[in-house]
file data-v9.cif (mmCIF, C-alpha atoms and all ligand atoms)
data_start
#
loop_
_atom_site.group_PDB
_atom_site.id
_atom_site.type_symbol
_atom_site.label_atom_id
_atom_site.label_comp_id
_atom_site.auth_asym_id
_atom_site.auth_seq_id
_atom_site.Cartn_x
_atom_site.Cartn_y
_atom_site.Cartn_z
ATOM 1 C CA MET U 1 33.396 -55.961 17.751
ATOM 2 C CA ILE U 2 33.662 -52.257 18.531
ATOM 3 C CA ALA U 3 31.661 -49.966 16.211
ATOM 4 C CA PRO U 4 33.774 -47.332 14.442
ATOM 5 C CA PRO U 5 33.392 -43.795 15.819
ATOM 6 C CA LEU U 6 30.978 -41.523 13.905
ATOM 7 C CA THR U 7 32.971 -39.244 11.643
ATOM 8 C CA HIS U 8 32.112 -35.551 11.464
ATOM 9 C CA SER U 9 30.947 -35.858 7.888
ATOM 10 C CA GLY U 10 28.552 -38.694 8.753
ATOM 11 C CA PRO U 11 25.239 -38.853 10.618
ATOM 12 C CA VAL U 12 26.136 -36.142 13.173
ATOM 13 C CA GLU U 13 26.304 -33.495 10.435
ATOM 14 C CA ALA U 14 23.012 -34.682 8.977
ATOM 15 C CA VAL U 15 21.309 -34.195 12.355
ATOM 16 C CA GLU U 16 22.842 -30.731 12.854
ATOM 17 C CA SER U 17 21.558 -29.478 9.499
ATOM 18 C CA MET U 18 17.949 -30.489 10.195
ATOM 19 C CA PRO U 19 15.693 -27.509 10.910
ATOM 20 C CA PRO U 20 14.644 -27.165 14.555
ATOM 21 C CA PRO U 21 11.199 -28.571 15.290
ATOM 22 C CA LYS U 22 8.514 -25.935 14.944
ATOM 23 C CA ASP U 23 5.947 -25.556 17.654
ATOM 24 C CA ASN U 24 2.364 -26.352 16.814
ATOM 25 C CA LEU U 25 1.333 -22.707 16.612
ATOM 26 C CA GLN U 26 3.872 -21.995 13.888
ATOM 27 C CA ILE U 27 2.864 -25.149 12.007
ATOM 28 C CA GLU U 28 -0.791 -24.064 12.127
ATOM 29 C CA VAL U 29 0.043 -20.565 10.914
ATOM 30 C CA ASP U 30 2.125 -21.995 8.055
ATOM 31 C CA LEU U 31 -0.767 -24.269 7.065
ATOM 32 C CA LEU U 32 -3.220 -21.370 7.215
ATOM 33 C CA LEU U 33 -1.073 -19.125 4.993
ATOM 34 C CA THR U 34 -0.364 -21.925 2.514
ATOM 35 C CA GLY U 35 -4.059 -22.837 2.327
ATOM 36 C CA ILE U 36 -5.071 -19.212 1.720
ATOM 37 C CA GLN U 37 -2.435 -18.859 -0.976
ATOM 38 C CA LYS U 38 -3.594 -22.023 -2.747
ATOM 39 C CA ARG U 39 -7.311 -21.293 -2.464
ATOM 40 C CA TYR U 40 -7.416 -17.506 -3.010
ATOM 41 C CA GLY U 41 -3.972 -16.538 -4.378
ATOM 42 C CA TYR U 42 -3.189 -14.070 -1.545
ATOM 43 C CA ASP U 43 0.346 -14.490 -0.192
ATOM 44 C CA PHE U 44 0.881 -13.164 3.337
ATOM 45 C CA THR U 45 4.042 -15.164 4.053
ATOM 46 C CA HIS U 46 6.268 -12.066 3.868
ATOM 47 C CA TYR U 47 4.132 -9.730 5.946
ATOM 48 C CA SER U 48 5.994 -8.527 8.997
ATOM 49 C CA HIS U 49 5.739 -11.193 11.671
ATOM 50 C CA ALA U 50 4.523 -9.307 14.770
ATOM 51 C CA SER U 51 1.697 -7.413 13.080
ATOM 52 C CA LEU U 52 0.764 -10.483 11.000
ATOM 53 C CA MET U 53 0.355 -12.546 14.183
ATOM 54 C CA ARG U 54 -1.720 -9.787 15.814
ATOM 55 C CA ARG U 55 -4.073 -9.641 12.869
ATOM 56 C CA LEU U 56 -4.330 -13.414 12.432
ATOM 57 C CA THR U 57 -5.148 -13.770 16.116
ATOM 58 C CA LYS U 58 -7.858 -11.095 15.900
ATOM 59 C CA ALA U 59 -9.310 -12.816 12.806
ATOM 60 C CA ARG U 60 -9.319 -16.184 14.606
ATOM 61 C CA GLU U 61 -10.993 -14.708 17.690
ATOM 62 C CA ASP U 62 -13.659 -12.950 15.615
ATOM 63 C CA ALA U 63 -14.324 -16.208 13.766
ATOM 64 C CA LYS U 64 -14.905 -17.717 17.243
ATOM 65 C CA VAL U 65 -12.511 -20.651 16.818
ATOM 66 C CA LEU U 66 -9.635 -21.799 19.001
ATOM 67 C CA ARG U 67 -7.123 -22.924 16.389
ATOM 68 C CA PHE U 68 -5.754 -21.503 13.149
ATOM 69 C CA THR U 69 -6.459 -24.843 11.456
ATOM 70 C CA GLU U 70 -10.158 -24.388 12.314
ATOM 71 C CA LEU U 71 -9.999 -20.898 10.816
ATOM 72 C CA LEU U 72 -8.426 -22.400 7.688
ATOM 73 C CA ASP U 73 -11.276 -24.918 7.467
ATOM 74 C CA GLN U 74 -13.800 -22.039 7.544
ATOM 75 C CA LEU U 75 -11.943 -19.953 4.984
ATOM 76 C CA LEU U 76 -11.460 -22.812 2.531
ATOM 77 C CA HIS U 77 -15.181 -23.497 2.366
ATOM 78 C CA ASP U 78 -16.738 -20.061 2.769
ATOM 79 C CA GLU U 79 -15.756 -17.183 0.465
ATOM 80 C CA LYS U 80 -17.736 -14.663 2.539
ATOM 81 C CA ALA U 81 -15.682 -15.631 5.586
ATOM 82 C CA PHE U 82 -12.594 -14.935 3.499
ATOM 83 C CA ASP U 83 -13.856 -11.398 2.686
ATOM 84 C CA THR U 84 -14.156 -10.757 6.422
ATOM 85 C CA PHE U 85 -10.695 -12.242 6.973
ATOM 86 C CA LEU U 86 -9.262 -9.934 4.315
ATOM 87 C CA MET U 87 -10.647 -6.905 6.119
ATOM 88 C CA HIS U 88 -8.658 -8.031 9.169
ATOM 89 C CA MET U 89 -5.534 -8.390 7.060
ATOM 90 C CA SER U 90 -5.644 -4.969 5.445
ATOM 91 C CA ILE U 91 -5.389 -1.929 7.668
ATOM 92 C CA THR U 92 -7.217 0.745 5.716
ATOM 93 C CA VAL U 93 -6.626 3.784 7.927
ATOM 94 C CA THR U 94 -6.190 6.876 5.768
ATOM 95 C CA THR U 95 -7.383 10.461 5.432
ATOM 96 C CA MET U 96 -7.499 13.430 3.054
ATOM 97 C CA PHE U 97 -4.141 15.206 2.727
ATOM 98 C CA ARG U 98 -2.621 12.793 5.249
ATOM 99 C CA ASP U 99 0.628 14.389 6.485
ATOM 100 C CA PRO U 100 -0.234 17.796 4.936
ATOM 101 C CA LEU U 101 3.420 18.827 4.633
ATOM 102 C CA PHE U 102 3.986 15.898 2.300
ATOM 103 C CA TYR U 103 1.443 17.367 -0.146
ATOM 104 C CA LYS U 104 3.016 20.815 0.284
ATOM 105 C CA SER U 105 6.350 19.311 -0.678
ATOM 106 C CA VAL U 106 4.824 17.557 -3.713
ATOM 107 C CA ARG U 107 3.343 20.895 -4.794
ATOM 108 C CA GLU U 108 6.618 22.782 -4.341
ATOM 109 C CA LYS U 109 9.236 20.206 -5.358
ATOM 110 C CA ILE U 110 7.584 17.876 -7.885
ATOM 111 C CA VAL U 111 4.724 19.726 -9.557
ATOM 112 C CA PRO U 112 6.759 22.521 -11.228
ATOM 113 C CA LEU U 113 8.527 19.914 -13.401
ATOM 114 C CA LEU U 114 5.618 17.495 -13.725
ATOM 115 C CA LYS U 115 3.256 20.125 -15.108
ATOM 116 C CA THR U 116 5.624 20.806 -18.039
ATOM 117 C CA PHE U 117 5.044 17.266 -19.407
ATOM 118 C CA PRO U 118 2.418 16.725 -22.138
ATOM 119 C CA PHE U 119 0.959 13.820 -20.145
ATOM 120 C CA VAL U 120 1.541 12.540 -16.612
ATOM 121 C CA LYS U 121 0.974 9.041 -15.179
ATOM 122 C CA ILE U 122 0.600 8.580 -11.421
ATOM 123 C CA TRP U 123 0.119 5.360 -9.452
ATOM 124 C CA HIS U 124 -1.314 5.274 -5.928
ATOM 125 C CA ALA U 125 -0.503 1.737 -4.763
ATOM 126 C CA GLY U 126 -2.402 0.615 -1.645
ATOM 127 C CA CYS U 127 -4.841 3.530 -1.866
ATOM 128 C CA ALA U 128 -7.300 2.040 0.684
ATOM 129 C CA THR U 129 -10.595 3.990 0.573
ATOM 130 C CA GLY U 130 -9.186 6.593 -1.812
ATOM 131 C CA GLU U 131 -8.810 9.788 0.225
ATOM 132 C CA GLU U 132 -5.168 10.275 -0.847
ATOM 133 C CA VAL U 133 -6.180 9.845 -4.484
ATOM 134 C CA TYR U 134 -8.788 12.631 -4.275
ATOM 135 C CA SER U 135 -6.189 14.754 -2.465
ATOM 136 C CA MET U 136 -3.798 14.318 -5.396
ATOM 137 C CA ALA U 137 -6.567 14.996 -7.943
ATOM 138 C CA ILE U 138 -7.425 18.271 -6.165
ATOM 139 C CA LEU U 139 -3.756 19.280 -6.153
ATOM 140 C CA LEU U 140 -3.370 18.553 -9.889
ATOM 141 C CA GLN U 141 -6.584 20.417 -10.687
ATOM 142 C CA GLU U 142 -5.364 23.496 -8.819
ATOM 143 C CA GLU U 143 -2.053 23.291 -10.651
ATOM 144 C CA GLY U 144 -3.886 23.114 -13.989
ATOM 145 C CA PHE U 145 -2.947 19.656 -15.308
ATOM 146 C CA LEU U 146 -5.498 17.163 -13.980
ATOM 147 C CA ASP U 147 -6.923 16.789 -17.497
ATOM 148 C CA ARG U 148 -3.428 15.843 -18.748
ATOM 149 C CA ALA U 149 -2.991 13.186 -16.073
ATOM 150 C CA ARG U 150 -4.036 9.582 -15.520
ATOM 151 C CA ILE U 151 -4.095 8.452 -11.895
ATOM 152 C CA TYR U 152 -4.136 4.695 -11.269
ATOM 153 C CA ALA U 153 -5.551 3.951 -7.820
ATOM 154 C CA THR U 154 -5.048 0.361 -6.715
ATOM 155 C CA ASP U 155 -5.513 -1.852 -3.673
ATOM 156 C CA PHE U 156 -6.011 -5.561 -2.982
ATOM 157 C CA ASN U 157 -9.008 -4.875 -0.779
ATOM 158 C CA LYS U 158 -12.070 -4.805 -3.045
ATOM 159 C CA GLN U 159 -14.364 -3.384 -0.369
ATOM 160 C CA SER U 160 -12.053 -0.397 0.170
ATOM 161 C CA LEU U 161 -11.726 0.109 -3.569
ATOM 162 C CA ALA U 162 -15.520 0.210 -3.953
ATOM 163 C CA ILE U 163 -15.644 3.058 -1.397
ATOM 164 C CA ALA U 164 -12.793 4.818 -3.194
ATOM 165 C CA GLU U 165 -14.567 4.592 -6.527
ATOM 166 C CA HIS U 166 -17.802 5.880 -5.038
ATOM 167 C CA GLY U 167 -16.028 8.895 -3.485
ATOM 168 C CA VAL U 168 -18.569 9.284 -0.686
ATOM 169 C CA TYR U 169 -17.385 9.801 2.903
ATOM 170 C CA PRO U 170 -18.916 10.663 6.287
ATOM 171 C CA ALA U 171 -19.392 14.448 6.493
ATOM 172 C CA LYS U 172 -18.310 14.497 10.125
ATOM 173 C CA GLN U 173 -14.678 14.309 8.972
ATOM 174 C CA VAL U 174 -14.890 17.374 6.781
ATOM 175 C CA ASP U 175 -13.354 19.790 9.296
ATOM 176 C CA ILE U 176 -10.234 17.640 9.586
ATOM 177 C CA TYR U 177 -10.063 17.297 5.792
ATOM 178 C CA ALA U 178 -10.389 21.090 5.344
ATOM 179 C CA SER U 179 -7.745 21.819 7.950
ATOM 180 C CA ASN U 180 -5.293 19.344 6.337
ATOM 181 C CA TYR U 181 -6.048 20.850 2.929
ATOM 182 C CA ARG U 182 -5.171 24.352 4.147
ATOM 183 C CA GLU U 183 -1.968 23.146 5.821
ATOM 184 C CA ALA U 184 -1.055 21.346 2.589
ATOM 185 C CA GLY U 185 -1.122 24.688 0.752
ATOM 186 C CA GLY U 186 -4.615 24.389 -0.819
ATOM 187 C CA LEU U 187 -5.459 27.355 -3.050
ATOM 188 C CA GLN U 188 -9.285 27.344 -2.951
ATOM 189 C CA ARG U 189 -11.978 26.550 -0.424
ATOM 190 C CA PHE U 190 -12.090 22.832 0.328
ATOM 191 C CA SER U 191 -15.893 22.996 0.006
ATOM 192 C CA ASP U 192 -15.464 23.733 -3.729
ATOM 193 C CA TYR U 193 -14.641 20.070 -4.270
ATOM 194 C CA TYR U 194 -17.635 18.243 -2.846
ATOM 195 C CA SER U 195 -21.375 18.358 -2.445
ATOM 196 C CA ASN U 196 -23.066 17.245 0.754
ATOM 197 C CA GLY U 197 -26.361 15.898 1.906
ATOM 198 C CA TYR U 198 -27.500 14.230 5.110
ATOM 199 C CA ASP U 199 -24.381 12.975 6.878
ATOM 200 C CA LEU U 200 -22.330 12.404 3.763
ATOM 201 C CA MET U 201 -20.034 14.311 1.418
ATOM 202 C CA LYS U 202 -19.385 13.355 -2.198
ATOM 203 C CA PHE U 203 -16.400 14.469 -4.248
ATOM 204 C CA LYS U 204 -17.231 16.097 -7.563
ATOM 205 C CA ASP U 205 -17.212 13.887 -10.659
ATOM 206 C CA SER U 206 -14.790 16.311 -12.344
ATOM 207 C CA LEU U 207 -12.102 15.007 -9.956
ATOM 208 C CA LYS U 208 -12.877 11.415 -10.854
ATOM 209 C CA LYS U 209 -12.588 11.549 -14.588
ATOM 210 C CA SER U 210 -8.796 11.223 -14.553
ATOM 211 C CA ILE U 211 -8.771 8.360 -12.029
ATOM 212 C CA THR U 212 -8.821 4.635 -12.838
ATOM 213 C CA PHE U 213 -9.558 2.440 -9.820
ATOM 214 C CA SER U 214 -8.479 -1.172 -10.044
ATOM 215 C CA TYR U 215 -7.665 -4.267 -8.051
ATOM 216 C CA HIS U 216 -3.928 -4.905 -7.767
ATOM 217 C CA ASN U 217 -1.942 -7.081 -5.379
ATOM 218 C CA LEU U 218 1.573 -5.753 -4.790
ATOM 219 C CA VAL U 219 2.854 -9.202 -3.825
ATOM 220 C CA THR U 220 1.658 -11.214 -6.792
ATOM 221 C CA ASP U 221 0.828 -8.826 -9.666
ATOM 222 C CA GLY U 222 3.044 -7.145 -12.268
ATOM 223 C CA VAL U 223 3.493 -3.397 -12.549
ATOM 224 C CA PHE U 224 2.142 -0.514 -14.610
ATOM 225 C CA GLY U 225 4.737 0.955 -16.974
ATOM 226 C CA GLU U 226 6.222 4.414 -17.544
ATOM 227 C CA MET U 227 5.006 6.082 -14.357
ATOM 228 C CA ASN U 228 6.027 9.663 -13.572
ATOM 229 C CA LEU U 229 5.069 9.385 -9.912
ATOM 230 C CA ILE U 230 4.334 6.479 -7.574
ATOM 231 C CA CYS U 231 2.818 7.032 -4.133
ATOM 232 C CA CYS U 232 2.907 3.976 -1.927
ATOM 233 C CA ARG U 233 2.547 5.380 1.537
ATOM 234 C CA ASN U 234 2.020 3.435 4.754
ATOM 235 C CA VAL U 235 1.868 0.059 3.007
ATOM 236 C CA LEU U 236 5.481 -1.246 3.013
ATOM 237 C CA ILE U 237 5.527 -0.856 6.775
ATOM 238 C CA TYR U 238 3.412 -4.051 6.953
ATOM 239 C CA PHE U 239 5.895 -6.072 4.850
ATOM 240 C CA ASP U 240 9.112 -7.798 5.924
ATOM 241 C CA LYS U 241 12.465 -6.717 4.420
ATOM 242 C CA THR U 242 12.369 -9.324 1.642
ATOM 243 C CA LEU U 243 8.942 -8.249 0.439
ATOM 244 C CA GLN U 244 9.769 -4.537 0.785
ATOM 245 C CA ASP U 245 12.774 -5.099 -1.443
ATOM 246 C CA SER U 246 10.787 -7.000 -4.048
ATOM 247 C CA VAL U 247 7.992 -4.376 -4.180
ATOM 248 C CA LEU U 248 10.485 -1.500 -4.337
ATOM 249 C CA THR U 249 12.231 -3.272 -7.227
ATOM 250 C CA LYS U 250 8.882 -3.374 -9.043
ATOM 251 C CA PHE U 251 8.397 0.357 -8.417
ATOM 252 C CA ALA U 252 11.892 1.138 -9.725
ATOM 253 C CA GLU U 253 11.020 -0.785 -12.910
ATOM 254 C CA SER U 254 7.660 0.939 -13.231
ATOM 255 C CA LEU U 255 9.037 4.491 -12.965
ATOM 256 C CA ARG U 256 10.428 6.458 -15.889
ATOM 257 C CA TYR U 257 13.930 7.854 -15.467
ATOM 258 C CA GLY U 258 13.514 11.005 -13.398
ATOM 259 C CA GLY U 259 10.218 9.677 -11.949
ATOM 260 C CA TYR U 260 9.299 10.229 -8.299
ATOM 261 C CA LEU U 261 8.684 7.689 -5.541
ATOM 262 C CA CYS U 262 6.816 8.741 -2.387
ATOM 263 C CA LEU U 263 6.760 6.569 0.736
ATOM 264 C CA GLY U 264 5.180 6.926 4.174
ATOM 265 C CA ASN U 265 7.004 8.731 6.962
ATOM 266 C CA LYS U 266 8.079 5.469 8.657
ATOM 267 C CA GLU U 267 9.315 3.923 5.405
ATOM 268 C CA SER U 268 12.649 4.355 3.649
ATOM 269 C CA LEU U 269 14.979 3.097 0.935
ATOM 270 C CA ASN U 270 17.801 2.487 3.402
ATOM 271 C CA PHE U 271 19.222 -1.042 3.271
ATOM 272 C CA THR U 272 17.267 -1.858 0.095
ATOM 273 C CA SER U 273 18.713 -2.976 -3.213
ATOM 274 C CA VAL U 274 17.116 -0.044 -5.094
ATOM 275 C CA LYS U 275 18.612 2.740 -2.963
ATOM 276 C CA LYS U 276 21.375 3.418 -5.491
ATOM 277 C CA GLN U 277 18.817 4.058 -8.232
ATOM 278 C CA PHE U 278 17.313 7.042 -6.406
ATOM 279 C CA GLU U 279 18.354 10.428 -5.129
ATOM 280 C CA THR U 280 16.597 11.846 -2.073
ATOM 281 C CA LEU U 281 14.515 14.893 -2.896
ATOM 282 C CA ASP U 282 12.935 15.452 0.522
ATOM 283 C CA ALA U 283 14.264 13.221 3.301
ATOM 284 C CA LYS U 284 11.611 14.218 5.832
ATOM 285 C CA GLN U 285 8.653 13.704 3.501
ATOM 286 C CA ARG U 286 10.234 10.531 2.016
ATOM 287 C CA ILE U 287 10.253 11.737 -1.587
ATOM 288 C CA PHE U 288 12.811 10.128 -3.920
ATOM 289 C CA LYS U 289 13.693 10.678 -7.552
ATOM 290 C CA LYS U 290 14.880 7.948 -9.904
ATOM 291 C CA TYR U 291 18.145 8.917 -11.532
ATOM 292 C CA GLY U 292 17.959 9.847 -15.201
ATOM 293 C CA GLY U 293 19.320 7.679 -18.074
ATOM 294 C CA LEU U 294 22.910 8.840 -17.821
ATOM 295 C CA HIS U 295 23.047 8.352 -14.060
ATOM 296 C CA ALA U 296 21.256 5.028 -14.029
ATOM 297 C CA LEU U 297 23.305 2.240 -12.474
HETATM 298 C C1 LIG K 1 -2.742 1.936 5.975
HETATM 299 S S1 LIG K 1 -3.426 1.827 4.361
HETATM 300 C C2 LIG K 1 -2.565 3.125 3.533
HETATM 301 C C3 LIG K 1 -3.522 3.985 2.740
HETATM 302 C C4 LIG K 1 -2.890 5.190 2.072
HETATM 303 N N1 LIG K 1 -1.819 4.798 1.186
HETATM 304 C C5 LIG K 1 -2.390 6.198 3.089
HETATM 305 O O1 LIG K 1 -1.176 6.334 3.253
HETATM 306 O O2 LIG K 1 -3.207 6.838 3.738
HETATM 307 C C6 LIG K 1 -2.638 0.332 3.739
HETATM 308 C C7 LIG K 1 -3.327 -0.224 2.486
HETATM 309 O O3 LIG K 1 -2.447 -1.150 1.861
HETATM 310 C C8 LIG K 1 -3.250 -2.168 1.297
HETATM 311 N N2 LIG K 1 -2.427 -3.369 1.064
HETATM 312 C C9 LIG K 1 -1.832 -4.183 1.976
HETATM 313 N N3 LIG K 1 -1.204 -5.202 1.345
HETATM 314 C C10 LIG K 1 -1.388 -4.998 0.014
HETATM 315 C C11 LIG K 1 -0.989 -5.718 -1.152
HETATM 316 N N4 LIG K 1 -0.280 -6.841 -1.060
HETATM 317 N N5 LIG K 1 -1.346 -5.230 -2.359
HETATM 318 C C12 LIG K 1 -2.083 -4.096 -2.464
HETATM 319 N N6 LIG K 1 -2.509 -3.380 -1.397
HETATM 320 C C13 LIG K 1 -2.166 -3.837 -0.181
HETATM 321 C C14 LIG K 1 -4.342 -2.382 2.329
HETATM 322 O O4 LIG K 1 -5.476 -3.026 1.768
HETATM 323 C C15 LIG K 1 -4.624 -0.948 2.780
HETATM 324 O O5 LIG K 1 -5.679 -0.402 2.052
#

call {"tool": "encode", "arguments": {"input": "data-v9.cif", "output": "C-alpha cells", "more": "lines below"}}
Ligand SMILES: C[S@@+](CC[C@H](N)C(=O)[O-])C[C@H]1O[C@@H](n2cnc3c(N)ncnc32)[C@H](O)[C@@H]1O
result
Amino acid sequence: MIAPPLTHSGPVEAVESMPPPKDNLQIEVDLLLTGIQKRYGYDFTHYSHASLMRRLTKAREDAKVLRFTELLDQLLHDEKAFDTFLMHMSITVTTMFRDPLFYKSVREKIVPLLKTFPFVKIWHAGCATGEEVYSMAILLQEEGFLDRARIYATDFNKQSLAIAEHGVYPAKQVDIYASNYREAGGLQRFSDYYSNGYDLMKFKDSLKKSITFSYHNLVTDGVFGEMNLICCRNVLIYFDKTLQDSVLTKFAESLRYGGYLCLGNKESLNFTSVKKQFETLDAKQRIFKKYGGLHAL
C-alpha cells in the first residue's frame, strides 16, 4: 500500500517551526547566564551581544578555564570568584565632569528652574566610582541648593560603590578633573572641594551630606519615585534594545512631570517606546524633559 503524501499542515510544518540547533558555544553561554541568574540574581541575558561575549571571554580566560561551563562551575561554588567576574561584567570607566559641556548645559538649561523648587531629587543610575555624583554635588553647591537636594547614587557593582562612598581618588588625575571643571563652567577653584595627602585626594564631607549611595540593579530592581532629574549616562549602551526600552520605561515612571532625563552621548530615545513622553532639551548633550501633566500621552 502506498503511504499518503505528507500534508503541509502535518509533520513538515512541525519540523520547520523547530528552532535551529544552537552550537555548543551558545549553549554554554546560555547555561552560564542562567546559572548566574539562579545563583546570584544578576540577569545579563539582555546585555548587548558583542560586548557581552568579549567580557565573558575575558572573564573565562582570566579564570584560566577553557569552557564557559567550567567557569560556571567555579562561579556557582565560589562567591569570591563571582565578585571578580562581576568586575569583568561592569565597565566602570568614568571621570569628574565627564563631557564638560554636558554639565555646562545642565547649569544653563536645567538649574534655573530646578533651583526654584523647595526640594529636588536626583538619581544617578550606574554611577560607577562616583565621580559624576561629586561633579553634580559641586554644581548644586555653587548654584546654592545642594542642601535642598537629595542625590541617590546607585550601581550594581558593590566594589565601585564603596569607592564612590569613600570619595577618595588618585591625586594624579586632579589636573584633568580641574580642567574639565573649568570647561564645565565651574565658578570657584576646583581645589576648594577636596583635601589632599600623599597620592590621594578626598572630596569634602560637605559635598557628601546630600548623597545617598546604594546598591541598585537596573535590570531587576524597582525604581525610586518622584525624581526631578535622572542621569544614566554611558550605561544603556551596554544593553540590547529590549533592555534599553524596559529601563527607559522605568525612568519615565520614576520622573515627575517636567523632570529631566540625561543620557550618554552615544545613547538616545530614538526607536524607544518612551520617546513620545519626552521633549528634547539639548540634542547634542542628550538632555530630555518629560512632558508635563497636560501634555502627557
Ligand atoms: C561606564 S560606567 C558609567 C559611569 C558614569 N555613569 C559615567 O557616565 O561616567 C557604567 C556603569 O554601569 C553599571 N551597570 C551596568 N549594568 C548595570 C545594572 N544592570 N544596574 C546598575 N548598574 C549597572 C556598571 O557597574 C558601571 O559602573

call {"tool": "resolve_selection", "arguments": {"input": "data-v9.cif", "expression": "the PyMOL selection byres (((not hetatm)) within 10 of (chain K and resi 1))", "output": "count of residues only"}}
result
59

call {"tool": "resolve_selection", "arguments": {"input": "data-v9.cif", "expression": "the PyMOL selection byres (((chain U and resi 102-109) around 6) and not hetatm)", "output": "short mmCIF file (atom, residue, chain, number, x, y, z; two decimals) with C-alpha atoms, in the frame of the given file"}}
result
data_model
loop_
_atom_site.label_atom_id
_atom_site.label_comp_id
_atom_site.auth_asym_id
_atom_site.auth_seq_id
_atom_site.Cartn_x
_atom_site.Cartn_y
_atom_site.Cartn_z
CA ASP U 99 0.63 14.39 6.48
CA PRO U 100 -0.23 17.80 4.94
CA LEU U 101 3.42 18.83 4.63
CA ILE U 110 7.58 17.88 -7.88
CA VAL U 111 4.72 19.73 -9.56
CA ALA U 184 -1.06 21.35 2.59
CA GLY U 185 -1.12 24.69 0.75
CA GLN U 285 8.65 13.70 3.50
#

call {"tool": "resolve_selection", "arguments": {"input": "data-v9.cif", "expression": "the PyMOL selection byres (((chain U and resi 69) around 9) and not hetatm)", "output": "list in words"}}
result
Glu28, Val29, Leu31, Leu32, Leu66, Arg67, Phe68, Glu70, Leu71, Leu72, Asp73 and Gln74 of chain U

call {"tool": "closest_residue", "arguments": {"input": "data-v9.cif", "among": "U:Ile230, U:Gln188, U:Tyr169, U:Glu142", "to": "U:Leu200", "atoms": "only C-alpha atoms"}}
result
U:Tyr169

call {"tool": "closest_residue", "arguments": {"input": "data-v9.cif", "among": "U:Ile36, U:Gln277, U:Leu187, U:Leu52", "to": "U:Asp83", "atoms": "only C-alpha atoms"}}
result
U:Ile36

call {"tool": "closest_residue", "arguments": {"input": "data-v9.cif", "among": "U:Leu229, U:Ala162, U:Val274, U:Ile138", "to": "U:Val120", "atoms": "only C-alpha atoms"}}
result
U:Leu229

call {"tool": "closest_residue", "arguments": {"input": "data-v9.cif", "among": "U:Asp30, U:Glu79, U:Asp23, U:Glu143", "to": "U:Gly186", "atoms": "only C-alpha atoms"}}
result
U:Glu143

call {"tool": "closest_atom_pairs", "arguments": {"input": "data-v9.cif", "of": "stretch 90-178 of chain U", "to": "stretch 203-210 of chain U", "cutoff": "6 Å", "atoms": "all atoms listed in the file", "output": "JSON lines"}}
result
{"residue": "U:Ala137", "atom": "CA", "partner": "U:Leu207", "partner_atom": "CA", "distance": 5.9}
{"residue": "U:Arg150", "atom": "CA", "partner": "U:Ser210", "partner_atom": "CA", "distance": 5.1}
{"residue": "U:Gly167", "atom": "CA", "partner": "U:Phe203", "partner_atom": "CA", "distance": 5.6}

call {"tool": "decode", "arguments": {"input": "data-v9.cif", "residues": "stretch 258-269 of chain U", "atoms": "N, CA and C atoms", "output": "compact mmCIF listing (two decimals), in the first residue's frame"}}
result
# COMPACT_ATOMS: atom_id res chain seq x y z
N GLY U 258 7.64 66.97 33.86
CA GLY U 258 8.57 68.09 33.76
C GLY U 258 9.98 67.74 34.24
N GLY U 259 10.18 66.46 34.67
CA GLY U 259 11.51 66.04 35.13
C GLY U 259 12.46 65.82 33.95
N TYR U 260 13.75 65.80 34.25
CA TYR U 260 14.77 65.73 33.20
C TYR U 260 15.45 64.36 33.18
N LEU U 261 15.75 63.90 31.96
CA LEU U 261 16.47 62.63 31.78
C LEU U 261 17.74 62.92 30.99
N CYS U 262 18.88 62.52 31.53
CA CYS U 262 20.17 62.76 30.86
C CYS U 262 20.82 61.43 30.51
N LEU U 263 21.17 61.27 29.25
CA LEU U 263 21.82 60.04 28.78
C LEU U 263 23.24 60.35 28.30
N GLY U 264 23.98 59.30 27.99
CA GLY U 264 25.34 59.48 27.47
C GLY U 264 25.31 59.89 26.01
N ASN U 265 26.47 60.37 25.51
CA ASN U 265 26.43 60.96 24.16
C ASN U 265 26.32 59.93 23.02
N LYS U 266 26.33 58.63 23.36
CA LYS U 266 26.06 57.62 22.31
C LYS U 266 24.70 56.97 22.54
N GLU U 267 23.91 57.55 23.44
CA GLU U 267 22.61 56.94 23.77
C GLU U 267 21.47 57.88 23.36
N SER U 268 20.31 57.30 23.03
CA SER U 268 19.22 58.19 22.62
C SER U 268 17.87 57.56 22.94
N LEU U 269 16.82 58.36 22.72
CA LEU U 269 15.46 57.84 22.91
C LEU U 269 14.85 57.39 21.59
